[in-house]
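Peer 1: Have a look at the structure that comes next, please.
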Amino acid sequence: MAAQDVLGQTARLASSSALLQVLFRVVTFGLNAFTLRYLSRELIGVVNVRLTLLYSTVGFLAREAFRRACLSGSAKRNWTKTINLLWLTVPLGAFWSLILGLVWLYLLEVPDPSVVPHYQAGVVAFGLSATIELLGEPFWVLAQAHLFVRLKVIAESLSVVSKCILTVTLVILYPHWGLYIFSLAQLLYVSVLVACYVIYFVMFLGSPEATKKSFPVARVKALLPSFVEDETFVNWKEARLTWSFFKQSFLKQILTEGERYMMTFLNVLNFGDQGKQVYDIVNNLGSLVARFVFLPIEESFYVFFAKVLERGKTVKDQKQDDVAMAANVLELLLKFVLLIGLTITVFGYAYSQLALDIYGGSMLSSGTGPDLLRCYSLYVLFLAVNGVTECFTFALMCKEEVDRYNFVMLALSFIFLCISYFLTHWYGSVGFILANCFNMGIRIAHSTHYIYHYFRESTHRPLTGLLPSPALLLLYIISAVVTAFSEVLFCCDKGWMARLIHISMGALCLAATLVTMFYTETKLIHFVRSQ
């Protein structure tokens, strides 16, 4: 597949994933608002933090390394050996489900059964659901490697809708079931997700469409583990790279979900107290753009960079046309996410209190909520840049470079946990976000250093994408000052007319920013339109 075709399909995959994230987040908000009318906040807190953390940890540790390794260089590989390697995620997932399930059951404090009934069943169900989802891992990697956009949209949409319908039905009819409700809904979600992928490939393989695309797998039986005579069961180069990423996955999970581990294991915030509820709401609001835009870009363009450039080769040993395209895409992606991040940081500072007041009333807007959301607005900027720089870095690192980076992440994980602990005691939940900003800043520094050295022997300088035009930067500064003064003068206890004036000031500043962006970042505008 030509690099230009890969770019077009990758852009479609990213945009489709972004739309899915919007759908899922809207549904999640609605579902949380609905269930709070019938169930206790403590029960919802256990589901959203503790059980979801168990599910995400098992999935991440069992499959993240395999995805990183098996999505690289997919054009030149023995897919039988890759599929064999991917099936190892299932026993690995079962192992982690068992070990972590025992930790969640016997080492963590068990919630009061009268408030959170059937906790043990919830732990078993969420651990089992993570293992069931891994049964679809070979199918997911095949679909992602070949950029099957429609399959992902259909599978994830059907699974989320099924989960929501069952949750609402059980909450209305059997609210006393407690965690049984969410356990059954989670099991249905992963079952539908896996079934969609399996059914699609059963119908696709052997079809005229598969033959036309020269799909590397011809029969459904080839998607099952199989031995090849006189050959190894797996590609050992791929397996060694997987092992390197596997060691890294522990550390990355700590850095990604650090605050949730702190809440779960150190009991920094209780599941039912107001501070925890405010943090959850602010975290959900603040992560909207990260989920909607940054995550789909990171996942989709990891595949793009892994397909266009060969892992472990220097820039001089790559095809120069592909290098030029990859550098150009990286530069424009950095500029795109940087501008989104700057916009959120600048306008988020002055409109955090108003947004929380509209969303949740005085409970959110009068306490630490506004400060939390302001800090999260800054954190979004770090998330934006880190997602793209790490996406490129991990797509190109060879095994030895991954191993060296693991030592960096080991030190960073220890420092991050220490800083999180102390900052949380000093500043409360704001400390979580400040620690995450520090974590992302160090990771960005490493990734940009790698990118700089990678392109040093070429004429390409993709890191210039981190430099907005002077006129646009000046307008951001002016907008920040104007909206900050507007907040002091008009927000948020001076009536709706004052709020409307504050909103109008922000709208004018945002419009001026977008117009300036349109005229100064012409290369980026052309890229976005063409994709």
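Residue numbering restarts at 1 in every chain; chains get A, B, ... in the order shown in the structure tokens, and ligands count up from 1 in that same order.
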Quick one: everything within 10 Å of Lys247 in chain A, counting only C-alpha atoms, minus sequence neighbours fewer than 2 positions away in the same chain. Send it as a ChimeraX atom specification.

Peer 2: /A:61,65,242-245,249-252,402-403,406-407,410

Peer 1: Got a sec: who's within 7 Å of Ser352 in chain A, counting only C-alpha atoms, leaving out chain neighbours fewer than 5 positions off, as a tab-separated table (two decimals) with N, CA and C atoms, in the first residue's frame?

Peer 2:
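Generated output (selection11.tsv):
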```tsv
chain	number	residue	atom	x	y	z
A	370	PRO	N	-13.07	24.57	40.39
A	370	PRO	CA	-12.48	25.46	39.38
A	370	PRO	C	-10.96	25.34	39.29
A	373	LEU	N	-10.11	22.12	37.45
A	373	LEU	CA	-10.33	22.18	36.00
A	373	LEU	C	-9.31	23.11	35.32
A	374	ARG	N	-8.89	24.18	36.01
A	374	ARG	CA	-7.85	25.05	35.46
A	374	ARG	C	-6.54	24.27	35.30
```

Peer 1: Given the choices A:Met517, A:Leu179, A:Leu354, A:Cys509, which gets closest to Leu472 in chain A if the distance is worked out from only C-alpha atoms?

Peer 2: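 Selected residue with least distance to Leu472 in chain A: A:Met517.
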
Peer 1: Between CA of Gly127 in chain A and CA of Val190 in chain A, what is the spacing in Å?

Peer 2: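 Straight-line distance from CA of Val190 in chain A to CA of Gly127 in chain A works out to 11.5 Å.
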
Peer 1: What's the 10 Å shell around Arg77 in chain A, counting only C-alpha atoms, without same-chain residues fewer than 6 positions away, as a PyMOL selection string?

Peer 2: chain A and resi 70+216+235+238

Peer 1: Extract, using only C-alpha atoms, all DNA, RNA and protein residues at most 12 Å from Ala411 in chain A, discarding same-chain residues fewer than 6 positions from it, and format them as a list in words.

Peer 2: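 Here the qualifying residues turn out to be Gln248, Leu251, Lys252, Ile254, Leu255, Arg404, Tyr405, Leu417, Cys418, Asn439, Ile442 and Arg443 of chain A.
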
Peer 1: Can you list every residue in range 23-171 of chain A that DSSP puts in helix (DSSP H, G or I), as a ChimeraX atom specification?

Peer 2: /A:23-35,41-70,79-87,89-107,119-134,137-145,149-171

Peer 1: Which is closer to Leu378 in chain A than all the others in A:Leu53, A:Val198, A:Leu342, A:Leu128, using only C-alpha atoms?

Peer 2: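 Residue with the minimum atom-to-atom distance to Leu378 in chain A: A:Leu342.
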
Peer 1: Can you list, as a PyMOL selection string, every protein, DNA or RNA residue that comes within 10 Å of Ala350 in chain A when you count only C-alpha atoms, leaving out same-chain residues fewer than 5 positions away?

Peer 2: chain A and resi 345+355+370+374+479-488+491+502-503+506

Peer 1: What is the CA of Val515 in chain A-CA of Leu339 in chain A distance in Å, reported with one decimal?

Peer 2: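 Distance between the two atoms: 13.0 Å.
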
Peer 1: Residues near Leu223 in chain A, anyone? I mean within 12 Å using only C-alpha atoms, not counting same-chain ones fewer than 5 positions away, as a list in words.

Peer 2: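 So, after excluding close chain neighbours, the residues are Trp79, Thr80, Lys81, Thr82, Ile83, Asn84, Leu85, Leu86, Trp87, Leu135, Gly136, Glu137, Pro138, Phe139, Trp140, Val141, Leu142, Tyr197, Val198, Phe201, Val202, Leu205, Pro216, Val217 and Ala218 of chain A.
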
Peer 1: Quick one: everything within 10 Å of Phe204 in chain A, counting only C-alpha atoms, minus sequence neighbours fewer than 5 positions away in the same chain. Send it as an MDAnalysis selection string.

Peer 2: chainID A and resid 198:199 209:211 215 218:220

Peer 1: Store the residues picked out above in a file with N, CA, C and O atoms, as an mmCIF file, in the first residue's frame.

Peer 2:
```
data_model
loop_
_atom_site.group_PDB
_atom_site.id
_atom_site.type_symbol
_atom_site.label_atom_id
_atom_site.label_comp_id
_atom_site.auth_asym_id
_atom_site.auth_seq_id
_atom_site.Cartn_x
_atom_site.Cartn_y
_atom_site.Cartn_z
ATOM 1 N N VAL A 198 -15.265 -11.387 15.290
ATOM 2 C CA VAL A 198 -15.219 -12.772 14.805
ATOM 3 C C VAL A 198 -16.166 -12.957 13.620
ATOM 4 O O VAL A 198 -15.787 -13.527 12.582
ATOM 5 N N ILE A 199 -17.391 -12.482 13.747
ATOM 6 C CA ILE A 199 -18.382 -12.636 12.667
ATOM 7 C C ILE A 199 -17.903 -11.926 11.401
ATOM 8 O O ILE A 199 -18.048 -12.452 10.286
ATOM 9 N N GLU A 209 -13.953 -9.685 -1.932
ATOM 10 C CA GLU A 209 -13.310 -8.467 -1.443
ATOM 11 C C GLU A 209 -11.938 -8.772 -0.841
ATOM 12 O O GLU A 209 -10.976 -8.040 -1.067
ATOM 13 N N ALA A 210 -11.859 -9.876 -0.080
ATOM 14 C CA ALA A 210 -10.576 -10.269 0.518
ATOM 15 C C ALA A 210 -9.570 -10.648 -0.560
ATOM 16 O O ALA A 210 -8.380 -10.304 -0.476
ATOM 17 N N THR A 211 -10.037 -11.348 -1.590
ATOM 18 C CA THR A 211 -9.159 -11.727 -2.702
ATOM 19 C C THR A 211 -8.661 -10.494 -3.451
ATOM 20 O O THR A 211 -7.482 -10.381 -3.806
ATOM 21 N N PHE A 215 -5.640 -10.069 0.834
ATOM 22 C CA PHE A 215 -5.538 -10.163 2.289
ATOM 23 C C PHE A 215 -4.639 -11.338 2.664
ATOM 24 O O PHE A 215 -4.772 -12.429 2.104
ATOM 25 N N ALA A 218 -6.111 -16.327 4.461
ATOM 26 C CA ALA A 218 -7.074 -16.827 3.487
ATOM 27 C C ALA A 218 -8.258 -17.552 4.112
ATOM 28 O O ALA A 218 -9.361 -17.533 3.580
ATOM 29 N N ARG A 219 -8.032 -18.218 5.251
ATOM 30 C CA ARG A 219 -9.098 -19.045 5.847
ATOM 31 C C ARG A 219 -9.300 -18.667 7.306
ATOM 32 O O ARG A 219 -8.396 -18.166 7.977
ATOM 33 N N VAL A 220 -10.504 -18.964 7.804
ATOM 34 C CA VAL A 220 -10.810 -18.688 9.216
ATOM 35 C C VAL A 220 -9.919 -19.526 10.122
ATOM 36 O O VAL A 220 -9.477 -19.065 11.184
#
```

Peer 1: Smallest atom-to-atom distance to Phe95 in chain A: which of A:Ala143, A:Met505, A:Val58, A:Cys492, using only C-alpha atoms?

Peer 2: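 Looking only at the distances to Phe95 in chain A, the closest residue turns out to be A:Val58.
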
Peer 1: So which one's closest to Glu310 in chain A, A:Leu71, A:Leu330, A:Val171, A:Ala125? Using only C-alpha atoms, please.

Peer 2: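 Among the listed residues, the smallest separation from Glu310 in chain A belongs to A:Leu71.
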